file work.pdb (PDB, C-alpha atoms)
ATOM      1  CA  MET P   8      -9.631   8.988 -13.577
ATOM      2  CA  THR P   9      -7.603   5.812 -13.439
ATOM      3  CA  THR P  10      -6.019   3.893 -10.599
ATOM      4  CA  PRO P  11      -2.529   5.260  -9.895
ATOM      5  CA  SER P  12       0.317   3.391 -11.566
ATOM      6  CA  LEU P  13       2.527   1.024  -9.603
ATOM      7  CA  PRO P  14       6.191   1.466 -10.579
ATOM      8  CA  ASP P  15       8.748  -1.100  -9.443
ATOM      9  CA  SER P  16      10.111   1.395  -6.888
ATOM     10  CA  ALA P  17       6.697   1.354  -5.162
ATOM     11  CA  VAL P  18       6.721  -2.413  -4.575
ATOM     12  CA  LEU P  19       8.510  -4.038  -1.649
ATOM     13  CA  LEU P  20       8.174  -7.794  -1.234
ATOM     14  CA  GLY P  21       8.872  -9.722   1.955
ATOM     15  CA  ALA P  22       9.555  -6.700   4.162
ATOM     16  CA  ARG P  23      10.679  -7.537   7.683
ATOM     17  CA  VAL P  24       8.936  -5.311  10.211
ATOM     18  CA  ASP P  25       8.241  -5.513  13.944
ATOM     19  CA  ASP P  26       4.881  -3.709  14.083
ATOM     20  CA  TRP P  27       2.199  -1.889  12.117
ATOM     21  CA  ARG P  28       4.017   1.443  12.304
ATOM     22  CA  GLN P  29       7.056  -0.020  10.549
ATOM     23  CA  ALA P  30       4.768  -1.645   7.980
ATOM     24  CA  VAL P  31       3.130   1.711   7.226
ATOM     25  CA  ARG P  32       6.554   3.393   7.116
ATOM     26  CA  GLU P  33       7.685   0.892   4.472
ATOM     27  CA  SER P  34       4.555   1.693   2.482
ATOM     28  CA  GLY P  35       5.260   5.422   2.812
ATOM     29  CA  ARG P  36       8.910   5.007   1.811
ATOM     30  CA  ALA P  37       7.751   3.172  -1.297
ATOM     31  CA  LEU P  38       5.428   6.084  -2.182
ATOM     32  CA  THR P  39       8.322   8.510  -1.668
ATOM     33  CA  ARG P  40      10.725   6.370  -3.757
ATOM     34  CA  ALA P  41       8.161   6.464  -6.551
ATOM     35  CA  GLY P  42       8.051  10.273  -6.364
ATOM     36  CA  ALA P  43       4.399  10.449  -5.309
ATOM     37  CA  THR P  44       4.927  11.889  -1.814
ATOM     38  CA  ARG P  45       7.374  13.572   0.512
ATOM     39  CA  ASP P  46       8.516  11.873   3.729
ATOM     40  CA  GLU P  47       5.968  13.821   5.806
ATOM     41  CA  TYR P  48       3.112  11.919   4.198
ATOM     42  CA  THR P  49       4.258   8.703   5.872
ATOM     43  CA  GLU P  50       3.953  10.256   9.321
ATOM     44  CA  ARG P  51       0.494  11.549   8.444
ATOM     45  CA  MET P  52      -0.590   8.017   7.465
ATOM     46  CA  ILE P  53       0.579   6.772  10.868
ATOM     47  CA  GLY P  54      -1.205   9.673  12.574
ATOM     48  CA  VAL P  55      -4.495   8.727  10.908
ATOM     49  CA  ILE P  56      -4.293   5.219  12.374
ATOM     50  CA  GLU P  57      -3.256   6.521  15.788
ATOM     51  CA  GLU P  58      -6.229   8.908  15.790
ATOM     52  CA  PHE P  59      -8.955   6.792  14.181
ATOM     53  CA  GLY P  60      -7.808   3.233  14.810
ATOM     54  CA  ALA P  61      -7.326   0.262  12.545
ATOM     55  CA  TYR P  62     -10.176   1.048  10.141
ATOM     56  CA  VAL P  63      -7.513   0.965   7.382
ATOM     57  CA  VAL P  64      -7.483  -2.833   7.717
ATOM     58  CA  ILE P  65     -10.220  -3.221   5.136
ATOM     59  CA  ALA P  66     -10.163  -6.996   4.625
ATOM     60  CA  PRO P  67      -8.556 -10.015   6.266
ATOM     61  CA  GLY P  68      -4.802  -9.532   5.865
ATOM     62  CA  LEU P  69      -5.033  -6.203   4.009
ATOM     63  CA  ALA P  70      -4.382  -2.633   5.162
ATOM     64  CA  LEU P  71      -4.979   0.411   2.960
ATOM     65  CA  ALA P  72      -2.688   3.058   4.464
ATOM     66  CA  HIS P  73      -3.543   6.616   3.474
ATOM     67  CA  ALA P  74      -4.021  10.181   4.658
ATOM     68  CA  ARG P  75      -5.932  13.170   3.390
ATOM     69  CA  PRO P  76      -4.607  15.083   0.388
ATOM     70  CA  GLY P  77      -2.001  17.660   1.380
ATOM     71  CA  PRO P  78       1.088  19.546   0.216
ATOM     72  CA  ASP P  79       3.233  16.448   0.863
ATOM     73  CA  VAL P  80       1.406  14.598  -1.968
ATOM     74  CA  LEU P  81       3.215  15.422  -5.204
ATOM     75  CA  HIS P  82       0.898  13.320  -7.382
ATOM     76  CA  GLU P  83      -1.391  10.338  -6.947
ATOM     77  CA  GLY P  84       0.460   7.171  -6.121
ATOM     78  CA  LEU P  85       0.123   3.585  -5.026
ATOM     79  CA  SER P  86       2.535   1.298  -3.189
ATOM     80  CA  VAL P  87       2.369  -2.368  -2.250
ATOM     81  CA  VAL P  88       4.340  -3.888   0.615
ATOM     82  CA  THR P  89       4.132  -7.561   1.489
ATOM     83  CA  LEU P  90       5.286  -8.618   4.932
ATOM     84  CA  ALA P  91       7.551 -11.571   5.688
ATOM     85  CA  THR P  92       5.644 -12.005   8.953
ATOM     86  CA  PRO P  93       2.117 -10.571   9.336
ATOM     87  CA  VAL P  94       1.580  -7.879  11.987
ATOM     88  CA  GLU P  95      -1.343  -6.810  14.150
ATOM     89  CA  PHE P  96      -2.913  -3.413  13.504
ATOM     90  CA  GLY P  97      -5.526  -3.794  16.221
ATOM     91  CA  HIS P  98      -8.496  -4.639  14.004
ATOM     92  CA  PRO P  99     -10.950  -6.984  15.750
ATOM     93  CA  HIS P 100     -11.648  -9.154  12.678
ATOM     94  CA  ASN P 101      -9.114  -8.571   9.887
ATOM     95  CA  ASP P 102      -5.755  -8.913  11.682
ATOM     96  CA  PRO P 103      -3.037  -9.922  11.145
ATOM     97  CA  VAL P 104      -2.008  -7.943   8.058
ATOM     98  CA  CYS P 105       0.306  -9.402   5.420
ATOM     99  CA  VAL P 106      -0.217  -6.815   2.636
ATOM    100  CA  VAL P 107      -0.090  -3.028   3.057
ATOM    101  CA  ILE P 108      -1.223  -0.878   0.172
ATOM    102  CA  GLY P 109      -0.239   2.779   0.376
ATOM    103  CA  LEU P 110      -2.446   5.316  -1.370
ATOM    104  CA  ALA P 111      -1.688   8.975  -1.978
ATOM    105  CA  VAL P 112      -4.094  11.254  -3.812
ATOM    106  CA  ALA P 113      -4.069  14.959  -4.581
ATOM    107  CA  ASN P 114      -7.788  15.610  -4.008
ATOM    108  CA  ALA P 115     -10.836  14.069  -2.356
ATOM    109  CA  GLU P 116     -12.460  12.998  -5.635
ATOM    110  CA  GLU P 117      -9.373  10.945  -6.572
ATOM    111  CA  HIS P 118      -9.415   9.366  -3.104
ATOM    112  CA  VAL P 119     -12.972   8.080  -3.395
ATOM    113  CA  ALA P 120     -12.514   6.886  -6.984
ATOM    114  CA  SER P 121      -9.200   5.112  -6.255
ATOM    115  CA  VAL P 122     -10.549   3.356  -3.163
ATOM    116  CA  ALA P 123     -13.612   2.200  -5.116
ATOM    117  CA  ARG P 124     -11.470   0.766  -7.948
ATOM    118  CA  LEU P 125      -9.175  -1.029  -5.492
ATOM    119  CA  ALA P 126     -12.159  -2.416  -3.599
ATOM    120  CA  ASN P 127     -13.385  -4.073  -6.806
ATOM    121  CA  VAL P 128     -10.099  -5.976  -7.110
ATOM    122  CA  PHE P 129     -10.526  -7.387  -3.615
ATOM    123  CA  ASN P 130     -13.955  -8.830  -4.358
ATOM    124  CA  ASP P 131     -11.893 -11.935  -5.151
ATOM    125  CA  GLU P 132     -10.937 -13.200  -1.685
ATOM    126  CA  GLN P 133      -7.855 -14.994  -3.057
ATOM    127  CA  VAL P 134      -6.185 -11.817  -4.354
ATOM    128  CA  ILE P 135      -4.723 -10.846  -0.960
ATOM    129  CA  THR P 136      -3.155 -14.281  -0.504
ATOM    130  CA  ARG P 137      -1.773 -14.176  -4.045
ATOM    131  CA  ILE P 138      -0.304 -10.699  -3.574
ATOM    132  CA  ALA P 139       1.247 -11.788  -0.256
ATOM    133  CA  ALA P 140       2.971 -14.654  -2.102
ATOM    134  CA  ALA P 141       3.984 -12.630  -5.187
ATOM    135  CA  SER P 142       7.606 -12.803  -6.281
ATOM    136  CA  SER P 143       7.747  -9.774  -8.593
ATOM    137  CA  ALA P 144       6.293  -6.342  -9.201
ATOM    138  CA  ASP P 145       4.890  -7.668 -12.467
ATOM    139  CA  GLU P 146       2.949 -10.330 -10.615
ATOM    140  CA  VAL P 147       1.545  -7.745  -8.173
ATOM    141  CA  ARG P 148       0.512  -5.452 -11.036
ATOM    142  CA  THR P 149      -1.163  -8.339 -12.850
ATOM    143  CA  LEU P 150      -3.116  -9.304  -9.721
ATOM    144  CA  LEU P 151      -4.220  -5.690  -9.249
ATOM    145  CA  GLY P 152      -5.002  -5.228 -12.962
ATOM    146  CA  LEU P 153      -2.517  -2.354 -13.247
ATOM    147  CA  ALA P 154      -0.210  -1.275 -16.038
ATOM    148  CA  GLY P 155       3.543  -1.503 -15.618
ATOM    149  CA  PRO P 156       6.151   1.243 -16.067
ATOM    150  CA  GLY P 157       5.975   0.887 -19.862
ATOM    151  CA  GLY P 158       2.189   1.229 -19.828
ATOM    152  CA  GLU P 159       1.577  -2.453 -20.496
ATOM    153  CA  LEU P 160       0.144  -4.874 -17.993
ATOM    154  CA  GLY P 161       2.952  -6.794 -16.301
ATOM    155  CA  ASP P 162       5.809  -4.814 -17.910
ATOM    156  CA  GLY P 163       9.071  -4.118 -16.065
ATOM    157  CA  PRO P 164      11.757  -5.750 -13.922
ATOM    158  CA  THR P 165      11.102  -7.508 -10.646
ATOM    159  CA  ALA P 166      10.515  -5.666  -7.398
ATOM    160  CA  GLU P 167      13.058  -5.495  -4.627
ATOM    161  CA  THR P 168      12.755  -8.034  -1.865
ATOM    162  CA  GLY P 169      12.583  -7.201   1.788
ATOM    163  CA  THR P 170      16.024  -8.709   2.296
ATOM    164  CA  GLU P 171      17.627  -6.441  -0.285
ATOM    165  CA  ALA P 172      15.724  -3.348   0.744
ATOM    166  CA  ASN P 173      16.460  -3.763   4.431
ATOM    167  CA  ALA P 174      20.102  -4.798   4.075
TER     168      ALA P 174
END

call {"tool": "encode", "arguments": {"input": "work.pdb", "output": "structure tokens"}}
result
Amino acid sequence: MTTPSLPDSAVLLGARVDDWRQAVRESGRALTRAGATRDEYTERMIGVIEEFGAYVVIAPGLALAHARPGPDVLHEGLSVVTLATPVEFGHPHNDPVCVVIGLAVANAEEHVASVARLANVFNDEQVITRIAAASSADEVRTLLGLAGPGGELGDGPTAETGTEANA
């Protein structure tokens, strides 16, 4: 198994949100735009945080929004949303969050494997800061070590910015 791809439609840079729920919704919308999930998955991601708390904030500045596999997951997917202004999720040590990664998987084995691969990327403490400052989807993919839409690392046009996406 490989880490899910990250198409341009799944990257939103500089999103303007008021709270963690809006941040997770942007992440879910990006997964839906990429064809990985249906809209219902976004609400399930929010429900997980409401039920279990801010455990999804896995490192300083980074949230990994996800929910269990379900019928609203069409195929595995990844999204990256950077926030114009960081928001609090309620984590005692890792708030505020400036990068939200959305993860959708079709089965439990994919979930564990994908989380493990992503965790390896974040062994470098500077990666979160670099992703938060990224100016293109290519740059985000390069930082995450992911292939672009054409299958090559860093291939494809730039991501939308929060200003364009929220206009």

call {"tool": "atom_distance", "arguments": {"input": "work.pdb", "atom1": "atom CA of Arg23 of chain P", "atom2": "atom CA of Met52 of chain P"}}
result
19.2 Å

call {"tool": "residues_around", "arguments": {"input": "work.pdb", "residues": "Ala37 of chain P", "least_positions_apart": "4", "cutoff": "10 Å", "atoms": "only C-alpha atoms", "output": "ChimeraX atom specification"}}
result
/P:14-19,31-33,41-44,49,84-88,108-109

call {"tool": "closest_residue", "arguments": {"input": "work.pdb", "among": "P:Leu110, P:Ala22, P:Ile53, P:Ala61", "to": "Leu38 of chain P", "atoms": "all atoms listed in the file"}}
result
P:Leu110

call {"tool": "residues_around", "arguments": {"input": "work.pdb", "residues": "segment 72-75 of chain P", "least_positions_apart": "2", "cutoff": "9 Å", "atoms": "only C-alpha atoms", "output": "list in words"}}
result
Val31, Ser34, Gly35, Tyr48, Thr49, Arg51, Met52, Ile53, Gly54, Val55, Ile56, Val63, Val64, Ala70, Gly77, Val107, Ile108, Gly109, Leu110, Ala111, Val112, Ala113, Asn114, Ala115 and His118 of chain P

call {"tool": "atom_distance", "arguments": {"input": "work.pdb", "atom1": "atom CA of Ala66 of chain P", "atom2": "atom CA of Asn101 of chain P"}}
result
5.6 Å

call {"tool": "atom_distance", "arguments": {"input": "work.pdb", "atom1": "atom CA of Val147 of chain P", "atom2": "atom CA of Ala123 of chain P"}}
result
18.4 Å

call {"tool": "closest_residue", "arguments": {"input": "work.pdb", "among": "P:Leu90, P:Leu151, P:Leu125, P:Ala140", "to": "Gln29 of chain P", "atoms": "only C-alpha atoms"}}
result
P:Leu90

call {"tool": "closest_residue", "arguments": {"input": "work.pdb", "among": "P:His98, P:Ala91, P:Arg124, P:Leu153", "to": "Ala30 of chain P", "atoms": "all atoms listed in the file"}}
result
P:Ala91

call {"tool": "resolve_selection", "arguments": {"input": "work.pdb", "expression": "the PyMOL selection byres ((chain P and resi 93) around 10)", "output": "number ranges by chain"}}
result
P: 22-27, 30, 68-69, 89-92, 94-96, 102-106, 139

call {"tool": "closest_residue", "arguments": {"input": "work.pdb", "among": "P:Pro67, P:Glu50, P:Arg36, P:Leu20", "to": "Ile135 of chain P", "atoms": "only C-alpha atoms"}}
result
P:Pro67

call {"tool": "closest_residue", "arguments": {"input": "work.pdb", "among": "P:Glu83, P:Asp46, P:Glu57, P:Asp131", "to": "Leu150 of chain P", "atoms": "only C-alpha atoms"}}
result
P:Asp131
